[in-house]
Each structure stands twice: as C-alpha cells, then as structure tokens.
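Take a look at the structure set out below.
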Amino acid sequence: MTRLHSAAELEQLRAAILSSRDPAKPCIAVCAGAACHGLDSLRVANAFQREVEALGPAAGVEVRVTGCHGYCEKGPNVVVGPAQVCYFEVKPEDVPEIVESTLKGEVVERLVYKHPATGEKAVHMSEVPFYKHQTRLLMGDNTRIDPMRIDDYLAVGGYAALAKALFQMTPDQLVDEVKRANLRGRGGGGFPAGLKWETAKNAPGDERYVIVNGHEGEPGAFMDRALFTGNPHKVLEGLVIGAFAIGSHRGFIYTRHDSPQLVKHIEQALAQAQEYGLLGDDILGSGFDFHVELHFDVGIFVSGESSALMRSIEGLPPEPRPKYIRTSVAGIRDKPSNLNNVETWANVPQIISRGADWYAGIGTEGSKGTKLVSLSGNVVDSGVLEVPMGTPLRKIVYDIGGGAAGGKSVKAVHFGGPMGGSIPVHLIDAPLDFDELAKLGAPVGAGGLLVMDEDTDMVEVARYFLEWLTKESCGKCVPCREGMWQTMKVLEGITKGKGKSGDIARLEDLNDVTGAACLCALGKTAADPLRSMLRYFRPEYEAQIARGDHRGDEAVGSAAR
Amino acid sequence: MDSAQIDPIIEKHRGKPGDLIRVLMEIQHENHWLPREVLHKVAEVLEIPFSRVLRIATLYKTFSLTPKGRNEVHVCNGISCHLRGAKQVMEAVERATGVKAGETDAHWRFSVESGTCLGTCSIGPEVIVNGAHHARMTPAKVADLLKRYP
C-alpha cells in the first residue's frame, strides 16, 4: 500500500482500482453478517471460493465475503452481481449449481424468493418485497464491499467526501452543512448533530475529542452492528470529517467486545486507513492530524449513556453524571467531547458530498434522511432495513416484514427497547418520525422495532423490560435502583395472579418518581414501556389484576407490599 | 491459570491506568475467568489501587471471578428471543445440564449463562455454545445439542 499525499493521488488510486475491475463480470457476494454468520455462511463462502478457484482466473468470477445484506430471516444470503440476483437459505451443496448457472447467465429458480401465500417468485433485489420498499443509502453498499478491503470502499466512491471537506470546505462550512441538513442523532435522543458539533467546536480549551458510540446495548437493536461490521470505513470517514470540522485530533470508538467480526473489521479499517494516509498525521497532505483509539464495553447497558461511556473510556466505572454541563463542553477528562452514534456518523459523508439540500429533501419536516431499523419479534421477515423518515410503520411491518408470523395478527409494535414504548396496531399508520412517534409514546430510540402478535401478554412484556433494566442500572440513583425493582415486583405479582386493586395507582406513582428523580436516560425512561402500556392496554392490566383480586383470602397481594 | 499467557497481556499495559478495562477483557477472553492473584498483578503493573480493579471486575457482566466449565452455554434472553420462546429453551438447558443460569456443574462440564442480545434476533431463539451459534432452538433440540459437548 502506498501513502496518499493529496486528493489527486486519492483519485488516481481510485481510477486504478476501478480500471482493474470489470463491472460486467459476475461477482458473488456472500453475506457474513451476524445472523448469516450464525447460520454458518462461512462454509457457503468457502465452497464458493473453492469452486471459483477451480475455474481459474480466466472465468472472471469474483467471490466477495460481505457484511449484512439485511434480509437476515432468509440467511445465508447470496447476491450475484451485476444483475443483483438474490439467493436465500443457501447451503454449501447449492454452490456448484449457482456457479454453473451464473456462468451461463441463468438463474437457479429453486433458490430465489417465493411469496409464501401467492408463490410468486422474485429474482432480483429490486423485486424482492423485503428490499423493494427500501431506500438503502447507508446499507446499499454492503453487498459491494468486503469490509476487510479498503479498496472496495474506495471503488464505491469512499473518502471522496473527506477530500472535499479537507480541501474545498472550511470547518465552519462543514458544521453549517450538517446543521442545514438537520441531521438528528440516531442513537436515541434525536438531538441535532450540527448543534452538538457547534457546541463542541466553540467550547473553550485547546484539546477536544470526537467519539463513535457503537455500544448498541438495547436488546432487539442490531442495525449499528450491521452497518459498522459491514462498512466500517463509512463510519470512519464520517468521524474524520467531524473531527476536522470540530478541530479534534483525537477520536475514540466505543463498541462491543462480544462480536469478533465487528472488532476485526474495525481494527483492519483503522490500520488500512492509517497506511493510506487517510488517518494519522498529515491526512492526505492537508496538514490535519487525527488519531483514533478503540475501546470496548464489556457488558453493562448504562455504559452506552454518553457521560457513562466517557467515564468508561477513562477506565473508571461507567456512572452517568448530571448534564447541566453538556459532554460536548466537558466530557472525557473534562475536555469538550462530541459523541455521535454509528449511524449518525455514517450519514456525514453523503451530506458533505451530495449537499445539505439533497439530504433535507428526504424525510419529513422534522426528521430528515433515511433511518435504519432492525425488525424482529413475531414477524415473518426480520432483518435490517432502511427507509426514508416518514415511512408509515404499516409499510415496514407488513410490506417489508410480511406481517405477523404463523398466520397470527399483529397486536402491537414496540420501538426503542426497554426505554421505548408500545403502540397498538390501530395506530400503525403512524409515520417513522422522531417527533410523531414520541407523541404517541413510542419514541424511535435507536431504531429497534419489535412486532408483537395477538398472543403477547403486555404485562409480561413490561415485567421483562424492567427485569432486564434492574440488572443494567449502575445503582448510583436510588429511584432507579430501588424504583425499578419495586415496579418489577408489582408487575411480577400481577403476572402470577397476585395483583390487587390499587396496583395501577402504585405503578403510576413509581413511574412518576423514577421518571423525575434519576440522573440519566436509563432511569428517566425506564418507566416508558409501562407508561405506554397503561395508556393503550390498560384493560389488559385491569383484567389481570381482577384475576388476582378474585382469589379472595388465598391471594397474598402484590409482592411489593 | 497459565501465567505464561497472562503475564504478557498485563505487561503490554504497564503504567497505563486507563487500560484497566481492556486488560481485564483480554485476560477474560484468554483465561475465561479472573483469578484474584491476577487482579493483584493488574493493580500493581497498571499502578491502580486494588479496590478499583475489584470494582471494575465485579461491575461488568463479562468478567467472572470464578472458574468456568469446559463449555460455556449462553442462552440469549434478548426481547426478540424472549418473544420467540427463550424461556422454554432455558428451562430445557437447565434440565439437561442440571444447573441454573450463572452456575457451573460439579464436573466442570457446563457453565450456563442467561445472556444479552447478540444482535442475531432473526435466527432466535438462540443457544450459543463456546461462541458457536445454534439458531432457531426448541426445547426438544437442546439435549441433543449439548451431547455434542463432552
């Protein structure tokens, strides 16, 4: 690898990479995203590699092991370019037939998508129901990139936005562009990223930091991992642009330790970017220096909270602190620290290369761009999908996800995991929008969408989330540590048929206190799922409590007593 | 514990208190648990009070202060697996191994954990044994699966 000293050298390298590739030749992309990997897709990839090696280089077939394609339910996924023919549930023994058909320009009919009700087939990615309703600005490149090869990212136009930022724009213009695009934080809060950047940029002090939050600790959320594992350079490019805009020379990536591929791909991306001179000292000969360190969460949800995360990077226990001084003013070692989520950073390169006006043209009045959603639970087709903001949830759940699994009907959808909320199916025409969904009590959060079918017990779901959260609280604030525990005990009593009248009032009391008196979002929003359920599914709670009340003298009352 | 493998890990981080989590994570991955004498060594080499090392080591769920069995069985308890029947799978695992989540059997064969979401919700409910994913588990499949891990 040669070090690049200017934007012109980057473009020369890109031209050389592109000229060595023939886009008309077949390329077989085997998904090695988390779910496909769990289904042993590496055996499929190895089978393809052996088969293609036996053909020899003259055949011109390329095999690429890629990150998540999105349609996890039907893994292992294989996409054959250039026509983007999709094969699902591919086994190693299917490989010779796929290669043979590909060489002849044919399709293996038995492995393409078949509609479960009508039997109608869909061959190409643009026709498969799961993909055809999406707008894949962030995820679309995943099938074209081997995450271990920076050249693949350069081949799809990678780091052109960085060159533009360094040589054609000033830091002020960059901040302004992100502000005008109205890019809102994808991690949960939906806070405008441009404003955060501006605060960090203008905060007093010589040293400032930028951080990628790749913690993704919420159960049922897996889109950040899909993006970061599948296309690490996109996130890294956004981070370097942000660092230049804010005036930071040191960045941190905070992510999960328990996903070996994710760690491997990030480490490789950092090393390769460094070798090309896209990271480190004097990036692309611009005189701008920027270094990145990798840090890990080792198993507690609260360390995904920004101030707790920063303590963790310092090697201290991850306890949140009050935020009357924002972390963008005083974060890591009390220096201004700008933290954004994986997906937020990944949006930056396209905003810089295509402009704020283009970006702001996608989405709704208050929520711009596209949003990654991880769809799971009782749904036919789960996976990672990307749609423009404003897309009705109905489209996501039914057109993309195929509705509830097993011929059942959808009862509710839940956004935002243990700190989110559930809305009943009659509100499913609500748009995917930060403000609209927050009003309904189901804030988008990071984008984990859970489908719950008719058999779901809503008291049990609230109890589950609270049980989960009691193990994740750092214990610093009493209302969080004790309040959640007591709430859970009341719910446990109700699910065991030991509910009693007054339980709902007690739950509401507890919700009010934990909501008001905790420092960080974990405690403040811990009651949100329960709140949404008392708002929409109250009769179900009342019925279960009545079941306990009628047990008469035998009833021992709620466990909280 | 094999100190020939652990000592070099600690040495890499000599005099760097900020590396505490990283060094404990590397030892946990290598050794599967954190013996007390190792924690003392970490405190000494990284120049951190032992009490702080212990605080971090007991706070994060990944770290174990007790030895693990030969096979680590992780039953995902994420919300999607939960909705798809993870509880029944866990009960089957408990029956097959004779121990509950958080415990290790007397023959050091299995350590069972009720684990957090690994983001593979589409193929849940999942049982992960020694890092290998076993997708779409049912209680009926559990006993046969665990027989493969002596």
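The way I read the labels, and the way they are meant: chains A, B, ... in the order of the structure tokens, residue 1 as the first residue of every chain, and ligand 1 as the first ligand shown, with later ones counted on from there.
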
task = Determine, counting only C-alpha atoms, which protein, DNA and RNA residues have an atom within 12 Å of an atom of B:Leu34; residues of the same chain fewer than 3 positions away are not included. Present the result as a ChimeraX atom specification.
result = /B:1-3,6,23-31,37-42,53-54,56-58,62-68

request  = Using only C-alpha atoms, find which residues of chain B lie within 7 Å of chain A and jot them down as a PyMOL selection string.
outcome  = chain B and resi 17-21+56+60-62+78-80+83-84+117+119-123+133+135

Restricting it to N, CA and C atoms, dump the selection as a PDB file, in the first residue's frame.
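What ended up in result-v6.pdb:
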```pdb
ATOM      1  N   PRO B  17      -3.087   3.267  33.610  1.00  0.00           N
ATOM      2  CA  PRO B  17      -4.320   3.012  34.379  1.00  0.00           C
ATOM      3  C   PRO B  17      -5.571   3.040  33.504  1.00  0.00           C
ATOM      4  N   GLY B  18      -5.553   3.828  32.442  1.00  0.00           N
ATOM      5  CA  GLY B  18      -6.731   3.935  31.562  1.00  0.00           C
ATOM      6  C   GLY B  18      -7.024   2.653  30.808  1.00  0.00           C
ATOM      7  N   ASP B  19      -6.055   1.722  30.789  1.00  0.00           N
ATOM      8  CA  ASP B  19      -6.236   0.475  30.040  1.00  0.00           C
ATOM      9  C   ASP B  19      -6.884  -0.628  30.873  1.00  0.00           C
ATOM     10  N   LEU B  20      -7.332  -0.295  32.084  1.00  0.00           N
ATOM     11  CA  LEU B  20      -7.823  -1.331  33.003  1.00  0.00           C
ATOM     12  C   LEU B  20      -8.872  -2.248  32.372  1.00  0.00           C
ATOM     13  N   ILE B  21      -9.905  -1.649  31.767  1.00  0.00           N
ATOM     14  CA  ILE B  21     -10.985  -2.473  31.204  1.00  0.00           C
ATOM     15  C   ILE B  21     -10.443  -3.357  30.081  1.00  0.00           C
ATOM     16  N   ILE B  56     -14.201  -2.621  39.122  1.00  0.00           N
ATOM     17  CA  ILE B  56     -14.456  -2.806  37.694  1.00  0.00           C
ATOM     18  C   ILE B  56     -14.715  -4.286  37.392  1.00  0.00           C
ATOM     19  N   TYR B  60     -18.875  -5.342  35.610  1.00  0.00           N
ATOM     20  CA  TYR B  60     -19.259  -5.772  34.263  1.00  0.00           C
ATOM     21  C   TYR B  60     -19.603  -7.249  34.235  1.00  0.00           C
ATOM     22  N   LYS B  61     -20.688  -7.559  33.491  1.00  0.00           N
ATOM     23  CA  LYS B  61     -21.176  -8.938  33.484  1.00  0.00           C
ATOM     24  C   LYS B  61     -20.243  -9.906  32.762  1.00  0.00           C
ATOM     25  N   THR B  62     -19.389  -9.376  31.888  1.00  0.00           N
ATOM     26  CA  THR B  62     -18.489 -10.261  31.150  1.00  0.00           C
ATOM     27  C   THR B  62     -17.451 -10.910  32.048  1.00  0.00           C
ATOM     28  N   GLY B  78     -32.539 -11.915  24.988  1.00  0.00           N
ATOM     29  CA  GLY B  78     -32.959 -10.643  24.396  1.00  0.00           C
ATOM     30  C   GLY B  78     -34.462 -10.673  24.176  1.00  0.00           C
ATOM     31  N   ILE B  79     -35.052  -9.501  23.917  1.00  0.00           N
ATOM     32  CA  ILE B  79     -36.510  -9.441  23.843  1.00  0.00           C
ATOM     33  C   ILE B  79     -37.062 -10.258  22.677  1.00  0.00           C
ATOM     34  N   SER B  80     -36.365 -10.269  21.557  1.00  0.00           N
ATOM     35  CA  SER B  80     -36.893 -10.997  20.407  1.00  0.00           C
ATOM     36  C   SER B  80     -36.854 -12.499  20.672  1.00  0.00           C
ATOM     37  N   LEU B  83     -39.624 -13.320  23.088  1.00  0.00           N
ATOM     38  CA  LEU B  83     -40.948 -13.442  22.463  1.00  0.00           C
ATOM     39  C   LEU B  83     -41.071 -14.739  21.662  1.00  0.00           C
ATOM     40  N   ARG B  84     -39.930 -15.282  21.246  1.00  0.00           N
ATOM     41  CA  ARG B  84     -39.958 -16.494  20.430  1.00  0.00           C
ATOM     42  C   ARG B  84     -39.710 -17.765  21.253  1.00  0.00           C
ATOM     43  N   CYS B 117     -28.516  -9.795  24.344  1.00  0.00           N
ATOM     44  CA  CYS B 117     -28.752  -9.855  22.901  1.00  0.00           C
ATOM     45  C   CYS B 117     -27.448  -9.707  22.123  1.00  0.00           C
ATOM     46  N   GLY B 119     -27.590  -9.562  18.801  1.00  0.00           N
ATOM     47  CA  GLY B 119     -27.968  -8.952  17.531  1.00  0.00           C
ATOM     48  C   GLY B 119     -28.287  -9.942  16.432  1.00  0.00           C
ATOM     49  N   THR B 120     -28.467 -11.199  16.776  1.00  0.00           N
ATOM     50  CA  THR B 120     -28.820 -12.191  15.769  1.00  0.00           C
ATOM     51  C   THR B 120     -30.269 -12.605  15.971  1.00  0.00           C
ATOM     52  N   CYS B 121     -31.125 -11.600  16.218  1.00  0.00           N
ATOM     53  CA  CYS B 121     -32.527 -11.824  16.575  1.00  0.00           C
ATOM     54  C   CYS B 121     -33.284 -12.617  15.517  1.00  0.00           C
ATOM     55  N   SER B 122     -32.887 -12.457  14.255  1.00  0.00           N
ATOM     56  CA  SER B 122     -33.627 -13.109  13.173  1.00  0.00           C
ATOM     57  C   SER B 122     -33.573 -14.619  13.259  1.00  0.00           C
ATOM     58  N   ILE B 123     -32.544 -15.149  13.908  1.00  0.00           N
ATOM     59  CA  ILE B 123     -32.400 -16.601  13.920  1.00  0.00           C
ATOM     60  C   ILE B 123     -32.637 -17.163  15.329  1.00  0.00           C
ATOM     61  N   HIS B 133     -22.952 -20.324  17.294  1.00  0.00           N
ATOM     62  CA  HIS B 133     -24.388 -20.063  17.352  1.00  0.00           C
ATOM     63  C   HIS B 133     -25.189 -21.296  16.936  1.00  0.00           C
ATOM     64  N   ALA B 135     -28.990 -21.821  15.904  1.00  0.00           N
ATOM     65  CA  ALA B 135     -30.142 -20.983  15.598  1.00  0.00           C
ATOM     66  C   ALA B 135     -31.460 -21.721  15.765  1.00  0.00           C
TER      67      ALA B 135
END
```

message = Considering only strand (DSSP E or B) as DSSP defines it on the backbone, what residues of stretch 46-132 of chain B qualify? List them as a list in words.
response =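 Put together, the selection reads Asn71, Glu72, Val73, His74, Val75, Cys76, Thr104, Phe110, Ser111, Val112, Glu113, Ser114, Gly115, Val127, Ile128, Val129 and Ala132 of chain B.
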
request  = Per DSSP on the backbone, filter chain B down to the residues in helix (DSSP H, G or I) and report them as number ranges by chain.
outcome  = B: 3-12, 17-31, 36-46, 50-59, 79-83, 86-97, 121-123, 139-147

query = Which residues, written as a PyMOL selection string, have at least one atom at most 9 Å from B:Tyr149, with only C-alpha atoms counted and residues fewer than 4 positions away on the same chain left out?
reply = chain B and resi 70-71+109-110+129+145

Let me see the file: selected residues, N, CA and C atoms, as a short mmCIF file (atom, residue, chain, number, x, y, z; two decimals), in the first residue's frame.
```
data_model
loop_
_atom_site.label_atom_id
_atom_site.label_comp_id
_atom_site.auth_asym_id
_atom_site.auth_seq_id
_atom_site.Cartn_x
_atom_site.Cartn_y
_atom_site.Cartn_z
N ARG B 70 -15.88 -26.41 31.11
CA ARG B 70 -15.23 -26.58 29.79
C ARG B 70 -16.07 -25.97 28.67
N ASN B 71 -17.39 -25.99 28.85
CA ASN B 71 -18.27 -25.47 27.81
C ASN B 71 -19.14 -24.34 28.35
N ARG B 109 -18.29 -29.40 33.46
CA ARG B 109 -18.59 -29.62 32.04
C ARG B 109 -19.29 -28.40 31.44
N PHE B 110 -20.31 -27.88 32.14
CA PHE B 110 -21.08 -26.75 31.60
C PHE B 110 -21.14 -25.56 32.56
N VAL B 129 -22.91 -21.95 22.19
CA VAL B 129 -22.01 -22.78 22.99
C VAL B 129 -20.58 -22.51 22.54
N LEU B 145 -28.19 -31.26 21.29
CA LEU B 145 -27.14 -30.27 21.04
C LEU B 145 -26.05 -30.39 22.11
#
```

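We find atom CA of A:Ile283 and atom CA of A:Gly158 to be spaced 14.8 Å apart.
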
Residues within 8 Å of A:Gln134, only C-alpha atoms, excluding chain neighbours under 4 positions, as a count of residues only = 5

request  = Measuring atom to atom with only C-alpha atoms, identify which of A:Cys477, A:Ala330, A:Ala15, A:Val413 is nearest to A:Leu440.
outcome  = A:Val413

Exercise: stretch 423-432 of chain A partners within 8 Å, only C-alpha atoms, chain neighbours under 3 positions left out, as a ChimeraX atom specification = /A:389-394,410-414,436-437,440-442,444,532-533,536

key: B:Leu46 surroundings by only C-alpha atoms, 6 Å radius, close-in-sequence under 2 positions cut, as a ChimeraX atom specification   = /B:14-17,42-44,48

Since we have the selection now, will you write its residues out, keeping C-alpha atoms, as an mmCIF file, in the first residue's frame?
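part.cif written:
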```cif
data_model
loop_
_atom_site.group_PDB
_atom_site.id
_atom_site.type_symbol
_atom_site.label_atom_id
_atom_site.label_comp_id
_atom_site.auth_asym_id
_atom_site.auth_seq_id
_atom_site.Cartn_x
_atom_site.Cartn_y
_atom_site.Cartn_z
ATOM 1 C CA ARG B 14 2.338 -1.368 32.206
ATOM 2 C CA GLY B 15 1.822 2.023 33.833
ATOM 3 C CA LYS B 16 -1.414 2.764 31.901
ATOM 4 C CA PRO B 17 -4.320 3.012 34.379
ATOM 5 C CA VAL B 42 -3.011 -5.993 37.280
ATOM 6 C CA ALA B 43 -3.272 -3.450 40.095
ATOM 7 C CA GLU B 44 0.479 -3.491 40.628
ATOM 8 C CA ILE B 48 -4.072 1.294 40.263
#
```
